Amino acid sequence: MSTDHASSGRKPTSHGPADRASAGPAGFTRRALLGTAGAGLLVGAGAGVAGAVAYDRPDRSGRAAAGPGGALGAARVPFRGEHQAGITDPPQARVQLAAFDLAEGVGRDGLRTLLQRWTKAADRLTAGEPSEEFDNQVALDAGPCSLTVTVGFGATLFDKAGLADRRPPGLAPLPAFPGDALDPARGDGDLFVQIGADDALVAVHALRVLQRLAAGTAALRWQSAGFARTPGAAAQPVTGRNLMGQIDGTNNPRPDEDGFAAKVFCAAGGDQPAWLTGGSYLVFRRIRMLLDNWEALPVDRQERVIGRRKSDGAPLGAPAGAGERSPVDLAAQGPDGTLAIPADAHIRVAAPAANGGAAMLRRGFSYHDGLLPDGSPDAGLLFLAFQNDPGKGFTPVQRKLSRGDGLSRFLRHEASGLYALPPGAPPGGYLGRQLLEG
């Protein structure tokens, strides 16, 4: 549940389009570098339980805490760019995840029309403008609220749209993992949409617009709502906590690290099709946390399951005051000579060094959907992991976690999805154009 990965070079602004003149190395803006420098997620039982990638958000959080009403709502994330928004941007306070299935006989032309409609609507909505069609005015008095719309393609889309020869190899089905209890009705799908915003009405409104634009072309397959810490909720930017109370997001890859883009985005050449250059792969998992069982453990037992102190996130064995970003010493021993970080502790099993350097950018959100029939909470993590090759990122890490991670006893993987995300829409273009017209 806790590794480092992040990226795009977009920067939220409260005064219109992002200023790209301050772009830093590898096309990342200075604000993006500062805003995601501490990102990271607890990688849970399956490449990640950790909830919300807890990116530090000094820019947006500071404005929300100190600025006048409306400052938070004015923040804008540009829709168009080299990569899609919503991948490397700091997680917003609210998210709507959904998947759609194409109607029978829609084909390639119908898919093109739908993506053109979605692109036009998303471009306007993320700018804080009403969509031209189907605007029910739910979000009429709100700003863009850092709205992002991210679209992905499931493996089944390619056959339905007559594009089987363009299906990327990375969309090969994920293997079955020990302990999986997946409900197909709550996963997969031809088209995936991630909609994030710092206001719940803005996010829900955007989903409704896309859903109505898809009427007759694609039907909603499943939908999940999640949340993260609201910008300004803390006096200063801090890494958030998941529903287990654990500081969640310490070691995600950071955009200022060498090779960051290569971990997250697809490059030209190799096995990847040309249309996916600048895109990414997304693994979605709905992971229920067995909170009643977890909360029955004393804090010191919880800390040994994770391998970190609950109070400050520092690795076990670190001196007092070390902090969550203190280097993890896997060889450290306690006073009795045993390993300070147990052999099955989450951070030991999930460490990149223990997984051949496997890396992915995690961007998760918590969810709480009431109670199950047995009275236990239906709550946990909507896990999202972006990477350039799921076969080298998510799959090997999840396989190891599902077999040897002590945290797995407190998690249930209940839904799954794998999607190819096309690159961002250029000016005048639409999402997926490279696939449909390349």
# chains A, B, ... in the order shown; residues from 1 in each chain; ligands from 1
$ select_by_dssp --residues "range 81-316 of chain A" --states "alpha helix (DSSP H)" --output "ChimeraX atom specification"
/A:107-126,155-160,200-213,260-264,291-295,299-306
$ closest_atom_pairs --of "range 331-364 of chain A" --to "range 380-385 of chain A" --cutoff "10 Å" --atoms "only C-alpha atoms" --output "CSV"
residue,atom,partner,partner_atom,distance
A:Ala359,CA,A:Ala385,CA,9.5
A:Met360,CA,A:Ala385,CA,6.0
A:Leu361,CA,A:Ala385,CA,5.4
A:Arg362,CA,A:Ala385,CA,4.3
A:Arg363,CA,A:Leu384,CA,5.2
A:Gly364,CA,A:Phe383,CA,4.6
$ residues_around --residues "Arg108 in chain A" --least-positions-apart "2" --cutoff "10 Å" --atoms "only C-alpha atoms" --output "PDB file with C-alpha atoms, in the first residue's frame"
ATOM      1  CA  GLY A 105     -23.742  -2.602 -34.106  1.00  0.00           C
ATOM      2  CA  VAL A 106     -22.210   0.743 -33.099  1.00  0.00           C
ATOM      3  CA  GLY A 110     -20.267   5.238 -33.839  1.00  0.00           C
ATOM      4  CA  LEU A 111     -17.316   5.085 -31.455  1.00  0.00           C
ATOM      5  CA  ARG A 112     -15.671   7.995 -33.263  1.00  0.00           C
ATOM      6  CA  THR A 113     -18.804  10.113 -32.947  1.00  0.00           C
ATOM      7  CA  LEU A 114     -19.094   9.332 -29.236  1.00  0.00           C
ATOM      8  CA  LEU A 157     -13.879  -2.511 -27.287  1.00  0.00           C
ATOM      9  CA  PHE A 158     -11.529  -3.438 -30.123  1.00  0.00           C
ATOM     10  CA  ASP A 159     -13.533  -6.378 -31.451  1.00  0.00           C
ATOM     11  CA  LYS A 160     -16.825  -4.497 -31.199  1.00  0.00           C
ATOM     12  CA  ALA A 161     -15.444  -1.488 -33.061  1.00  0.00           C
ATOM     13  CA  GLY A 162     -13.680  -3.518 -35.760  1.00  0.00           C
ATOM     14  CA  LEU A 163     -10.256  -2.637 -34.384  1.00  0.00           C
ATOM     15  CA  LEU A 436      -9.442   5.513 -35.072  1.00  0.00           C
TER      16      LEU A 436
END
$ select_by_dssp --residues "range 178-223 of chain A" --states "strand (DSSP E)" --output "ChimeraX atom specification"
/A:191-197,218-223
$ atom_distance --atom1 "CA of Leu407 in chain A" --atom2 "CA of Leu330 in chain A"
17.3 Å
$ closest_residue --among "A:Ala345, A:Gly128, A:Arg308, A:Asp389" --to "Arg76 in chain A" --atoms "only C-alpha atoms"
A:Gly128
$ atom_distance --atom1 "CA of Val95 in chain A" --atom2 "CA of Ala203 in chain A"
6.6 Å
$ atom_distance --atom1 "CA of Gly179 in chain A" --atom2 "CA of Ser402 in chain A"
7.0 Å
$ closest_residue --among "A:Gln116, A:Gln211, A:Asn293, A:Gln92" --to "Ala197 in chain A" --atoms "only C-alpha atoms"
A:Gln92
$ closest_atom_pairs --of "range 395-422 of chain A" --to "range 247-268 of chain A" --cutoff "12 Å" --atoms "only C-alpha atoms" --output "JSON lines"
{"residue": "A:Ala420", "atom": "CA", "partner": "A:Cys266", "partner_atom": "CA", "distance": 10.1}
{"residue": "A:Leu421", "atom": "CA", "partner": "A:Phe265", "partner_atom": "CA", "distance": 9.5}
{"residue": "A:Pro422", "atom": "CA", "partner": "A:Cys266", "partner_atom": "CA", "distance": 9.5}
$ residues_around --residues "Leu174 in chain A" --least-positions-apart "2" --cutoff "8 Å" --atoms "only C-alpha atoms" --output "PyMOL selection string"
chain A and resi 172+176+395+418
$ residues_around --residues "Lys120 in chain A" --least-positions-apart "2" --cutoff "12 Å" --atoms "only C-alpha atoms" --output "MDAnalysis selection string"
chainID A and resid 79:80 113:118 122:127 129:133 149 209:210 213 425:431
